[in-house]
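Peer 1: Below is the structure I would like to discuss, written out as structure tokens.
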Amino acid sequence: MEKNNLETLRHSTAHVLATAVLEMFPEAKFGTGPAVENGFYYDFDLPRTLIPEDLPLLEEKMKAVIKTNFPFERAEISAAEARADFTKLGQTYKLELIADLEKAGEKISVYKTNGFVDLCSGPHIESTGKINPTAFKLTKISGAYWKADEKNPQMQRIYGVVFESKEKLKEYLHMQEEAEKRDHRKLGKELGLFIFSDLVGPGLPIYTPKGATIRREIINYSNELQSSIGYQEVHTPNINKAELFKISGHYDKYKEDMLRVVSNYTKEEYFLKPMSCPQHTQIFASQMRSYRDLPLRIADFANLYRDEKPGELSGLTRLRCFCQDDGHSFCREDQIKDEFSSVLGAIKQAMETYVMDYKIRLSFWDPQHPEKYLGDAAVWEKSQKLLEDILIENKIEYFKAEGEAAIYGPKMDLISNDSLGRKWQISTIQLDFIMPQRFNLTYIDSDGKEKTPVMIHRAIVGSPERFLGILIEHYAGAFPTWLAPVQAVIIPVSEEKFGAYAKDVETRLIASGVRVELDASAEGLGKKIRDAEKQKIPYMLVVGEKEMTDGSVAVRQRGDKNQEVLKVDEFVAKILEEIKNKK
């Protein structure tokens, strides 16, 4: 089924849900019920709080509505008629929506289904009978503020999913079960990678040695990639004067999302920095630049801070403190295409290494709301065309998204698919003609005149912290050897008899640069192997009488019950090659 048809099916199923809710609660008041990815939701003001056990009851009522095969009947009416009808029904939330539509000068239409009347622009399927009763499921209940405003009343939101077939629903539910098993918050705790502390604060992760190792490897690889295309690492302060953000434009656009810092000794206004680009302009401005000096490419891993709402924080994927593989290229206009091409190449290499498919989203501004952005329409049209030309010339698949641009320019966003097919925005490359002008950045061109450089903002995997959360779920915690915090565990059959040899093997592996642990516990061999499997360690090296005599190890790879006996030097060569190639 095509996307538009699926959206129509899902929106229609939301109306069937509302019909069922009306039957269960005749005094219910209705909010809105749109289609969303994979399904729908509807917001209700109900006389009592719903519980999970209510969902199967509502599903049965929905199936009864589907069975009646009632048509979806549309009618266009005047605002006065709509007010009269919904006043009679006592639907106060719909009266607010009618007032909004009337103010916007939009047409008002209603849909009637089996006694349920809803304010809705449609479209809908022909009748309720077109919904497959075996292909939908109500999934959860949550709270939601009316019109997403915390000053408004809180409603109860019922979520559901619906597909064209029972098989598609079954496939989706299986994927959801897999996603739950892979939840990085759950696996991160089980694998001992990071913690959150109420004393430290929400959205502020603390990394254990294991978690810090993976985070460091992600950063090191991004550094390796960006160094290969000419970027040099810099470091900038975590706090900055407000004046910096006033010039960049972030003060006016993002002040509410920035954390303010107060000095005990001065009255100057400071903020924890939410991004590094304004600081990087000052590195460029610190000395006179010639056209021969360009591009100037710099990158930064200093921490960033954003005042996210507590309810929006989510494990490692939405934080208040994080860093980014944040880089900026200051270049001439004739260098833009080469700069973008080199970054796109680095991103491609990264995604191949992490084994993630991706597409490029070409994010444009919203011309209907220019007040959200910096710069005039002419600059935006010019920069947007330039980015699209680069993608076309490089034969890179992309899709457009209006309204997703940064405040200062259009961008290419990498939308990646993980192993469960879920989409994540990871990398970004942004074209900026605005910020260099705001900071009066200049260079001396070949004709001896001052020119304003172009600024390219780019990230390869974005925030290493957020990317770590994505990778935990992508790999289900089973990291490839080069990323694994512990790459091998040595398991002596008997600590008393073979402990000394196991220690010698550990010493040799550590000296070779392998991250290794020695399980010297008194547990039996089977328990030690199960523990290593549970910790998802790539290699288990069992040592006993034969191995000690031969100077070897019995190598057991994660997920494989077979063993291969190798000399210690052979195993070291094997694992180092695997780490080097990042396979």
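If you're wondering about the labels, chains in the structure tokens are A, B, ... by order shown, residues count from 1 in each chain, ligands from 1 in order shown.
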If we count only C-alpha atoms and set the cut-off at 10 Å, which residues sit around Phe40 in chain A, ignoring sequence neighbours fewer than 3 positions away in its own chain? Please answer as a compact mmCIF listing (two decimals) with N, CA, C and O atoms, in the first residue's frame.

Peer 2:
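Output below, filename selection-v4.txt:
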# COMPACT_ATOMS: atom_id res chain seq x y z
N GLU A 7 -1.54 6.36 5.22
CA GLU A 7 -1.87 7.48 6.12
C GLU A 7 -3.38 7.63 6.23
O GLU A 7 -3.90 7.87 7.33
N LEU A 9 -5.61 5.22 5.80
CA LEU A 9 -6.05 4.08 6.59
C LEU A 9 -5.84 4.33 8.08
O LEU A 9 -6.71 4.07 8.91
N ARG A 10 -4.66 4.87 8.42
CA ARG A 10 -4.32 5.09 9.82
C ARG A 10 -5.18 6.19 10.45
O ARG A 10 -5.63 6.06 11.60
N HIS A 11 -5.41 7.26 9.69
CA HIS A 11 -6.27 8.34 10.21
C HIS A 11 -7.70 7.83 10.38
O HIS A 11 -8.38 8.17 11.36
N SER A 12 -8.15 7.02 9.47
CA SER A 12 -9.51 6.46 9.56
C SER A 12 -9.64 5.55 10.77
O SER A 12 -10.67 5.53 11.45
N THR A 13 -8.58 4.79 11.07
CA THR A 13 -8.60 3.90 12.23
C THR A 13 -8.65 4.70 13.52
O THR A 13 -9.24 4.26 14.52
N ALA A 14 -8.03 5.89 13.52
CA ALA A 14 -8.12 6.77 14.69
C ALA A 14 -9.57 7.16 14.95
O ALA A 14 -10.02 7.24 16.11
N HIS A 15 -10.35 7.39 13.89
CA HIS A 15 -11.78 7.71 14.04
C HIS A 15 -12.55 6.51 14.60
O HIS A 15 -13.47 6.67 15.41
N LEU A 17 -11.27 4.30 16.61
CA LEU A 17 -10.92 4.31 18.02
C LEU A 17 -11.80 5.30 18.78
O LEU A 17 -12.34 4.98 19.86
N GLY A 33 -6.81 13.47 16.44
CA GLY A 33 -6.42 12.09 16.21
C GLY A 33 -5.75 11.89 14.87
O GLY A 33 -6.36 11.38 13.93
N PRO A 34 -4.49 12.30 14.75
CA PRO A 34 -3.80 12.20 13.46
C PRO A 34 -3.16 10.84 13.19
O PRO A 34 -2.98 10.03 14.10
N ALA A 35 -2.82 10.62 11.93
CA ALA A 35 -1.97 9.48 11.57
C ALA A 35 -0.53 9.83 11.89
O ALA A 35 -0.11 10.99 11.74
N VAL A 36 0.23 8.87 12.36
CA VAL A 36 1.66 9.04 12.62
C VAL A 36 2.38 7.85 12.01
O VAL A 36 1.74 6.95 11.44
N GLU A 37 3.70 7.83 12.12
CA GLU A 37 4.47 6.72 11.54
C GLU A 37 4.00 5.39 12.12
O GLU A 37 3.93 5.22 13.34
N LEU A 138 -3.91 -1.59 19.60
CA LEU A 138 -3.67 -0.44 20.47
C LEU A 138 -2.45 -0.76 21.32
O LEU A 138 -2.35 -1.84 21.91
N ILE A 158 -4.17 7.77 23.44
CA ILE A 158 -4.13 6.34 23.13
C ILE A 158 -3.43 6.16 21.78
O ILE A 158 -3.84 6.77 20.78
N TYR A 159 -2.38 5.35 21.78
CA TYR A 159 -1.64 5.06 20.56
C TYR A 159 -2.07 3.72 19.98
O TYR A 159 -2.40 2.79 20.73
N GLY A 160 -2.02 3.62 18.66
CA GLY A 160 -2.28 2.35 18.01
C GLY A 160 -1.47 2.24 16.74
O GLY A 160 -0.93 3.23 16.23
N VAL A 161 -1.36 1.02 16.23
CA VAL A 161 -0.71 0.78 14.94
C VAL A 161 -1.69 0.04 14.05
O VAL A 161 -2.54 -0.72 14.54
N VAL A 162 -1.57 0.24 12.76
CA VAL A 162 -2.43 -0.47 11.81
C VAL A 162 -1.68 -0.63 10.49
O VAL A 162 -0.94 0.26 10.07

Peer 1: Please provide as a ChimeraX atom specification all residues within 12 Å of Ala502 in chain A, with the sequence filter that same-chain residues fewer than 4 positions apart are discarded (counting only C-alpha atoms).

Peer 2: /A:489-498,506-509,516-520,541-545,547-548,551-554,568

Peer 1: With N, CA, C and O atoms retained, write the just-selected residues as a compact mmCIF listing (two decimals), in the first residue's frame.

Peer 2:
# COMPACT_ATOMS: atom_id res chain seq x y z
N VAL A 489 38.62 -12.25 26.80
CA VAL A 489 38.69 -12.65 28.20
C VAL A 489 39.43 -13.98 28.28
O VAL A 489 39.19 -14.88 27.46
N ILE A 490 40.35 -14.08 29.21
CA ILE A 490 41.13 -15.31 29.39
C ILE A 490 40.49 -16.11 30.51
O ILE A 490 40.27 -15.59 31.62
N ILE A 491 40.19 -17.37 30.22
CA ILE A 491 39.47 -18.22 31.17
C ILE A 491 40.29 -19.47 31.46
O ILE A 491 40.36 -20.39 30.64
N PRO A 492 40.97 -19.51 32.61
CA PRO A 492 41.70 -20.74 32.97
C PRO A 492 40.73 -21.83 33.41
O PRO A 492 39.76 -21.56 34.12
N VAL A 493 40.96 -23.05 32.97
CA VAL A 493 40.11 -24.18 33.37
C VAL A 493 40.18 -24.35 34.88
O VAL A 493 39.18 -24.65 35.53
N SER A 494 41.36 -24.13 35.43
CA SER A 494 41.56 -24.17 36.88
C SER A 494 42.49 -23.02 37.24
O SER A 494 43.61 -22.94 36.72
N GLU A 495 42.03 -22.14 38.12
CA GLU A 495 42.86 -20.99 38.52
C GLU A 495 44.10 -21.47 39.26
O GLU A 495 45.21 -20.96 39.06
N GLU A 496 43.94 -22.50 40.07
CA GLU A 496 45.06 -23.01 40.86
C GLU A 496 46.16 -23.59 39.97
O GLU A 496 47.34 -23.33 40.16
N LYS A 497 45.76 -24.36 38.94
CA LYS A 497 46.75 -25.04 38.08
C LYS A 497 47.26 -24.16 36.95
O LYS A 497 48.44 -24.23 36.59
N PHE A 498 46.38 -23.36 36.37
CA PHE A 498 46.75 -22.66 35.14
C PHE A 498 46.67 -21.14 35.26
O PHE A 498 46.78 -20.42 34.28
N GLU A 506 47.71 -12.91 29.56
CA GLU A 506 47.13 -11.57 29.73
C GLU A 506 48.19 -10.49 29.53
O GLU A 506 47.96 -9.49 28.83
N THR A 507 49.35 -10.67 30.14
CA THR A 507 50.44 -9.70 30.03
C THR A 507 50.86 -9.50 28.59
O THR A 507 51.08 -8.36 28.13
N ARG A 508 50.96 -10.60 27.84
CA ARG A 508 51.38 -10.51 26.44
C ARG A 508 50.34 -9.78 25.59
O ARG A 508 50.67 -8.99 24.72
N LEU A 509 49.04 -10.03 25.86
CA LEU A 509 47.99 -9.37 25.08
C LEU A 509 47.93 -7.88 25.40
O LEU A 509 47.77 -7.04 24.50
N VAL A 516 41.98 -6.67 27.38
CA VAL A 516 41.77 -8.04 27.82
C VAL A 516 41.47 -8.08 29.32
O VAL A 516 41.92 -7.22 30.08
N GLU A 517 40.67 -9.07 29.72
CA GLU A 517 40.42 -9.33 31.13
C GLU A 517 40.77 -10.78 31.43
O GLU A 517 40.70 -11.64 30.54
N LEU A 518 41.11 -11.03 32.69
CA LEU A 518 41.39 -12.39 33.16
C LEU A 518 40.31 -12.76 34.17
O LEU A 518 40.13 -12.07 35.17
N ASP A 519 39.56 -13.83 33.89
CA ASP A 519 38.55 -14.29 34.82
C ASP A 519 39.20 -15.28 35.79
O ASP A 519 39.33 -16.46 35.49
N ALA A 520 39.60 -14.73 36.95
CA ALA A 520 40.29 -15.56 37.94
C ALA A 520 39.33 -16.02 39.05
O ALA A 520 39.78 -16.43 40.12
N LEU A 541 39.24 -16.92 25.57
CA LEU A 541 40.47 -17.70 25.41
C LEU A 541 40.57 -18.67 26.59
O LEU A 541 40.88 -18.27 27.72
N VAL A 542 40.28 -19.93 26.34
CA VAL A 542 40.30 -20.95 27.39
C VAL A 542 41.70 -21.54 27.45
O VAL A 542 42.28 -21.90 26.41
N VAL A 543 42.26 -21.65 28.66
CA VAL A 543 43.60 -22.24 28.80
C VAL A 543 43.57 -23.35 29.84
O VAL A 543 43.00 -23.20 30.93
N GLY A 544 44.16 -24.49 29.47
CA GLY A 544 44.26 -25.65 30.36
C GLY A 544 45.62 -26.29 30.22
O GLY A 544 46.58 -25.65 29.78
N GLU A 545 45.69 -27.58 30.52
CA GLU A 545 46.96 -28.31 30.49
C GLU A 545 47.60 -28.27 29.12
O GLU A 545 48.78 -27.94 28.97
N GLU A 547 47.04 -26.29 26.50
CA GLU A 547 47.40 -24.94 26.05
C GLU A 547 48.66 -24.45 26.75
O GLU A 547 49.53 -23.82 26.14
N MET A 548 48.75 -24.72 28.06
CA MET A 548 49.94 -24.28 28.80
C MET A 548 51.19 -25.00 28.27
O MET A 548 52.26 -24.38 28.13
N GLY A 551 51.87 -23.50 24.65
CA GLY A 551 51.97 -22.05 24.50
C GLY A 551 50.86 -21.52 23.61
O GLY A 551 51.09 -20.64 22.77
N SER A 552 49.68 -22.09 23.81
CA SER A 552 48.56 -21.72 22.94
C SER A 552 47.35 -21.29 23.77
O SER A 552 47.39 -21.25 25.00
N VAL A 553 46.26 -20.97 23.05
CA VAL A 553 44.96 -20.65 23.68
C VAL A 553 43.87 -21.31 22.84
O VAL A 553 43.99 -21.41 21.61
N ALA A 554 42.82 -21.79 23.51
CA ALA A 554 41.66 -22.33 22.79
C ALA A 554 40.69 -21.16 22.58
O ALA A 554 40.10 -20.65 23.53
N VAL A 568 49.68 -18.27 20.96
CA VAL A 568 49.34 -16.93 21.48
C VAL A 568 49.69 -15.86 20.45
O VAL A 568 48.90 -14.95 20.18

Peer 1: Got a sec: who's within 12 Å of range 146-155 of chain A, counting only C-alpha atoms, leaving out chain neighbours fewer than 5 positions off, as a tab-separated table (two decimals) with all heavy atoms, in the first residue's frame?

Peer 2:
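Wrote result.tsv, looks like this:
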chain	number	residue	atom	x	y	z
A	28	ALA	N	-17.12	11.51	27.05
A	28	ALA	CA	-15.76	11.82	26.60
A	28	ALA	C	-15.72	13.10	25.77
A	28	ALA	O	-16.62	13.39	24.99
A	28	ALA	CB	-15.20	10.66	25.77
A	29	LYS	N	-14.61	13.85	25.95
A	29	LYS	CA	-14.35	15.01	25.10
A	29	LYS	C	-13.13	14.69	24.25
A	29	LYS	O	-12.16	14.09	24.73
A	29	LYS	CB	-14.13	16.26	25.95
A	29	LYS	CG	-15.41	16.77	26.64
A	29	LYS	CD	-15.14	18.03	27.41
A	29	LYS	CE	-16.46	18.63	27.91
A	29	LYS	NZ	-17.21	17.73	28.77
A	30	PHE	N	-13.18	15.11	22.98
A	30	PHE	CA	-12.18	14.69	22.01
A	30	PHE	C	-11.24	15.82	21.62
A	30	PHE	O	-11.67	16.95	21.42
A	30	PHE	CB	-12.88	14.15	20.75
A	30	PHE	CG	-13.76	12.96	21.04
A	30	PHE	CD1	-15.11	13.13	21.33
A	30	PHE	CD2	-13.24	11.69	21.05
A	30	PHE	CE1	-15.92	12.05	21.61
A	30	PHE	CE2	-14.04	10.59	21.33
A	30	PHE	CZ	-15.39	10.77	21.61
A	31	GLY	N	-9.95	15.46	21.53
A	31	GLY	CA	-8.95	16.40	21.04
A	31	GLY	C	-8.72	16.19	19.56
A	31	GLY	O	-9.61	16.39	18.74
A	32	THR	N	-7.52	15.72	19.21
A	32	THR	CA	-7.19	15.45	17.80
A	32	THR	C	-6.69	14.02	17.67
A	32	THR	O	-6.19	13.43	18.63
A	32	THR	CB	-6.11	16.42	17.28
A	32	THR	OG1	-4.96	16.34	18.13
A	32	THR	CG2	-6.63	17.86	17.27
A	33	GLY	N	-6.81	13.47	16.44
A	33	GLY	CA	-6.42	12.09	16.21
A	33	GLY	C	-5.75	11.89	14.87
A	33	GLY	O	-6.36	11.38	13.93
A	42	TYR	N	-5.02	9.24	19.38
A	42	TYR	CA	-6.14	10.17	19.59
A	42	TYR	C	-6.07	10.62	21.05
A	42	TYR	O	-5.81	9.82	21.94
A	42	TYR	CB	-7.49	9.51	19.30
A	42	TYR	CG	-8.52	10.48	18.77
A	42	TYR	CD1	-9.09	10.32	17.50
A	42	TYR	CD2	-8.94	11.57	19.54
A	42	TYR	CE1	-10.03	11.23	17.01
A	42	TYR	CE2	-9.86	12.48	19.05
A	42	TYR	CZ	-10.40	12.31	17.80
A	42	TYR	OH	-11.31	13.22	17.32
A	43	ASP	N	-6.28	11.93	21.27
A	43	ASP	CA	-6.26	12.51	22.61
A	43	ASP	C	-7.68	12.68	23.15
A	43	ASP	O	-8.56	13.19	22.44
A	43	ASP	CB	-5.57	13.88	22.58
A	43	ASP	CG	-4.09	13.77	22.28
A	43	ASP	OD1	-3.53	12.68	22.44
A	43	ASP	OD2	-3.49	14.79	21.87
A	44	PHE	N	-7.86	12.26	24.40
A	44	PHE	CA	-9.19	12.29	25.01
A	44	PHE	C	-9.15	12.93	26.39
A	44	PHE	O	-8.17	12.78	27.13
A	44	PHE	CB	-9.73	10.86	25.17
A	44	PHE	CG	-9.80	10.07	23.90
A	44	PHE	CD1	-8.78	9.18	23.56
A	44	PHE	CD2	-10.86	10.21	23.03
A	44	PHE	CE1	-8.83	8.44	22.40
A	44	PHE	CE2	-10.93	9.47	21.86
A	44	PHE	CZ	-9.91	8.59	21.53
A	45	ASP	N	-10.24	13.60	26.73
A	45	ASP	CA	-10.50	14.06	28.10
A	45	ASP	C	-11.58	13.13	28.63
A	45	ASP	O	-12.74	13.18	28.19
A	45	ASP	CB	-10.97	15.52	28.07
A	45	ASP	CG	-11.06	16.12	29.47
A	45	ASP	OD1	-11.09	15.35	30.43
A	45	ASP	OD2	-11.13	17.36	29.58
A	46	LEU	N	-11.21	12.25	29.57
A	46	LEU	CA	-12.10	11.18	30.01
A	46	LEU	C	-12.44	11.29	31.50
A	46	LEU	O	-11.68	11.89	32.27
A	46	LEU	CB	-11.43	9.82	29.73
A	46	LEU	CG	-11.07	9.53	28.27
A	46	LEU	CD1	-10.30	8.23	28.16
A	46	LEU	CD2	-12.32	9.49	27.40
A	47	PRO	N	-13.55	10.67	31.91
A	47	PRO	CA	-13.97	10.77	33.30
A	47	PRO	C	-13.10	9.98	34.28
A	47	PRO	O	-13.18	10.18	35.48
A	47	PRO	CB	-15.40	10.21	33.28
A	47	PRO	CG	-15.45	9.33	32.08
A	47	PRO	CD	-14.55	9.98	31.08
A	48	ARG	N	-12.30	9.07	33.77
A	48	ARG	CA	-11.37	8.33	34.64
A	48	ARG	C	-10.09	8.04	33.88
A	48	ARG	O	-10.03	8.11	32.65
A	48	ARG	CB	-12.00	7.03	35.14
A	48	ARG	CG	-12.15	5.94	34.10
A	48	ARG	CD	-12.42	4.60	34.78
A	48	ARG	NE	-12.77	3.55	33.86
A	48	ARG	CZ	-11.87	2.82	33.18
A	48	ARG	NH1	-10.58	3.05	33.32
A	48	ARG	NH2	-12.29	1.85	32.38
A	49	THR	N	-9.06	7.71	34.65
A	49	THR	CA	-7.76	7.39	34.05
A	49	THR	C	-7.79	5.99	33.46
A	49	THR	O	-8.22	5.03	34.12
A	49	THR	CB	-6.65	7.48	35.11
A	49	THR	OG1	-6.65	8.80	35.66
A	49	THR	CG2	-5.29	7.18	34.50
A	50	LEU	N	-7.34	5.88	32.22
A	50	LEU	CA	-7.29	4.58	31.56
A	50	LEU	C	-6.18	3.72	32.15
A	50	LEU	O	-5.16	4.23	32.62
A	50	LEU	CB	-7.06	4.76	30.06
A	50	LEU	CG	-8.19	5.42	29.27
A	50	LEU	CD1	-7.72	5.74	27.86
A	50	LEU	CD2	-9.42	4.54	29.22
A	92	THR	N	-15.85	20.92	23.79
A	92	THR	CA	-15.21	22.23	23.94
A	92	THR	C	-13.88	22.34	23.19
A	92	THR	O	-13.52	23.41	22.70
A	92	THR	CB	-14.97	22.51	25.44
A	92	THR	OG1	-14.29	21.39	26.01
A	92	THR	CG2	-16.30	22.70	26.16
A	93	TYR	N	-13.15	21.25	23.12
A	93	TYR	CA	-11.87	21.29	22.40
A	93	TYR	C	-12.10	21.50	20.91
A	93	TYR	O	-11.34	22.22	20.24
A	93	TYR	CB	-11.08	20.00	22.63
A	93	TYR	CG	-10.71	19.77	24.07
A	93	TYR	CD1	-11.39	18.83	24.85
A	93	TYR	CD2	-9.68	20.48	24.67
A	93	TYR	CE1	-11.06	18.62	26.19
A	93	TYR	CE2	-9.33	20.28	26.01
A	93	TYR	CZ	-10.03	19.35	26.76
A	93	TYR	OH	-9.69	19.15	28.08
A	94	LYS	N	-13.14	20.90	20.37
A	94	LYS	CA	-13.45	21.09	18.95
A	94	LYS	C	-13.86	22.54	18.69
A	94	LYS	O	-13.56	23.08	17.62
A	94	LYS	CB	-14.58	20.14	18.53
A	94	LYS	CG	-14.25	18.66	18.67
A	94	LYS	CD	-13.11	18.23	17.77
A	94	LYS	CE	-12.82	16.74	17.88
A	94	LYS	NZ	-11.67	16.30	17.07
A	96	GLU	N	-12.58	25.14	20.10
A	96	GLU	CA	-11.31	25.87	19.95
A	96	GLU	C	-10.74	25.70	18.55
A	96	GLU	O	-10.26	26.64	17.93
A	96	GLU	CB	-10.29	25.37	20.97
A	96	GLU	CG	-10.44	25.95	22.36
A	96	GLU	CD	-9.24	25.60	23.22
A	96	GLU	OE1	-8.10	25.79	22.76
A	96	GLU	OE2	-9.45	25.11	24.34
A	97	LEU	N	-10.82	24.46	18.04
A	97	LEU	CA	-10.28	24.20	16.69
A	97	LEU	C	-11.10	24.91	15.62
A	97	LEU	O	-10.55	25.39	14.64
A	97	LEU	CB	-10.26	22.68	16.44
A	97	LEU	CG	-9.33	21.85	17.34
A	97	LEU	CD1	-9.48	20.37	17.03
A	97	LEU	CD2	-7.88	22.28	17.17
A	100	ASP	N	-9.95	28.39	15.48
A	100	ASP	CA	-8.65	28.48	14.78
A	100	ASP	C	-8.83	28.42	13.27
A	100	ASP	O	-8.20	29.17	12.52
A	100	ASP	CB	-7.73	27.33	15.23
A	100	ASP	CG	-7.31	27.45	16.69
A	100	ASP	OD1	-7.41	28.55	17.24
A	100	ASP	OD2	-6.88	26.42	17.26
A	141	ILE	N	-0.86	3.93	26.38
A	141	ILE	CA	-1.58	5.11	26.86
A	141	ILE	C	-0.54	6.06	27.46
A	141	ILE	O	0.38	5.62	28.16
A	141	ILE	CB	-2.60	4.74	27.96
A	141	ILE	CG1	-3.53	3.63	27.48
A	141	ILE	CG2	-3.40	5.97	28.39
A	141	ILE	CD1	-4.20	2.88	28.62
A	309	LYS	N	14.16	20.05	28.22
A	309	LYS	CA	13.12	19.84	29.23
A	309	LYS	C	13.26	18.43	29.80
A	309	LYS	O	13.53	17.48	29.05
A	309	LYS	CB	11.74	20.01	28.60
A	309	LYS	CG	11.46	21.45	28.15
A	309	LYS	CD	10.09	21.57	27.50
A	309	LYS	CE	9.84	23.00	27.04
A	309	LYS	NZ	8.54	23.15	26.35
A	311	GLY	N	11.23	16.15	30.63
A	311	GLY	CA	10.40	15.12	30.00
A	311	GLY	C	10.87	14.70	28.63
A	311	GLY	O	10.42	13.68	28.10

Peer 1: So that I can check the secondary structure, give me every residue of range 423-533 of chain A assigned strand (DSSP E) by backbone DSSP, as an NGL selection string.

Peer 2: :A and (423-432 or 443-444 or 450-451 or 454-459 or 488-492 or 516-518)

Peer 1: List the neighbours of range 473-477 of chain A out to 8 Å using only C-alpha atoms; skip same-chain residues closer than 4 positions along the sequence, and give me the result as a ChimeraX atom specification.

Peer 2: /A:179,181-184,187-188,191,418-420,469,536

Peer 1: List as a list in words the protein and nucleic acid residues near Lys337 in chain A, meaning an atom at most 9 Å away when only C-alpha atoms are counted, but skip any in the same chain fewer than 5 places from it.

Peer 2: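 Listing them by chain and then by number gives Ser342, Leu386, Leu387 and Ile390 of chain A.
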
Peer 1: Which residue gives the smallest distance to Thr68 in chain A among A:Pro453, A:Pro237, A:Gly129, A:Gly513, with only C-alpha atoms counted?

Peer 2: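 Ranking A:Pro453, A:Pro237, A:Gly129, A:Gly513 by distance to Thr68 in chain A, first place goes to A:Gly129.
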
Peer 1: Looking at only C-alpha atoms, which of A:Lys168, A:Val454, A:Glu190, A:Pro367 is the one that sits closest to Leu296 in chain A?

Peer 2: A:Val454

Peer 1: What's the 9 Å shell around range 198-206 of chain A, counting only C-alpha atoms, without same-chain residues fewer than 3 positions away, as a ChimeraX atom specification?

Peer 2: /A:193-195,211-212,308,310,313-316,318-322,465

Peer 1: Quick one: pick out all helix (DSSP H, G or I) residues within range 363-403 of chain A from a backbone DSSP run and write them as number ranges by chain.

Peer 2: A: 370-372, 377-393

Peer 1: Out of A:Ile125, A:Leu169, A:Val110, A:Ala378, which residue has the shortest atom-to-atom distance to Thr139 in chain A when counting only C-alpha atoms?

Peer 2: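 Nearest candidate to Thr139 in chain A out of A:Ile125, A:Leu169, A:Val110, A:Ala378: A:Leu169.
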
Peer 1: May I ask for the distance between CA of Ile472 in chain A and CA of Tyr41 in chain A, given in Å to one decimal place?

Peer 2: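 Pair CA of Ile472 in chain A / CA of Tyr41 in chain A returns 28.9 Å.
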
Peer 1: Between CA of Thr481 in chain A and CA of Tyr207 in chain A, what is the distance in Å, rounded to a tenth?

Peer 2: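 One can read the CA of Thr481 in chain A to CA of Tyr207 in chain A distance as 19.6 Å.
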
Peer 1: If you count only C-alpha atoms, which residues fall within 10 Å of range 577-579 of chain A, apart from same-chain ones fewer than 5 positions away, as JSON, numbers by chain?

Peer 2: {"A": [480, 481, 482, 483, 484, 487, 514, 571, 572]}

Peer 1: Using C-alpha atoms, can you export the residues from the last selection as an mmCIF file, in the first residue's frame?

Peer 2:
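Final output, result-v2.cif:
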data_model
loop_
_atom_site.group_PDB
_atom_site.id
_atom_site.type_symbol
_atom_site.label_atom_id
_atom_site.label_comp_id
_atom_site.auth_asym_id
_atom_site.auth_seq_id
_atom_site.Cartn_x
_atom_site.Cartn_y
_atom_site.Cartn_z
ATOM 1 C CA PRO A 480 32.681 -5.320 16.788
ATOM 2 C CA THR A 481 36.081 -6.149 18.197
ATOM 3 C CA TRP A 482 37.641 -2.740 17.485
ATOM 4 C CA LEU A 483 34.910 -1.011 19.531
ATOM 5 C CA ALA A 484 34.377 -3.594 22.266
ATOM 6 C CA GLN A 487 38.110 -7.533 23.335
ATOM 7 C CA VAL A 514 44.568 -5.736 23.199
ATOM 8 C CA PHE A 571 45.890 -15.081 18.077
ATOM 9 C CA VAL A 572 47.502 -11.675 18.719
#
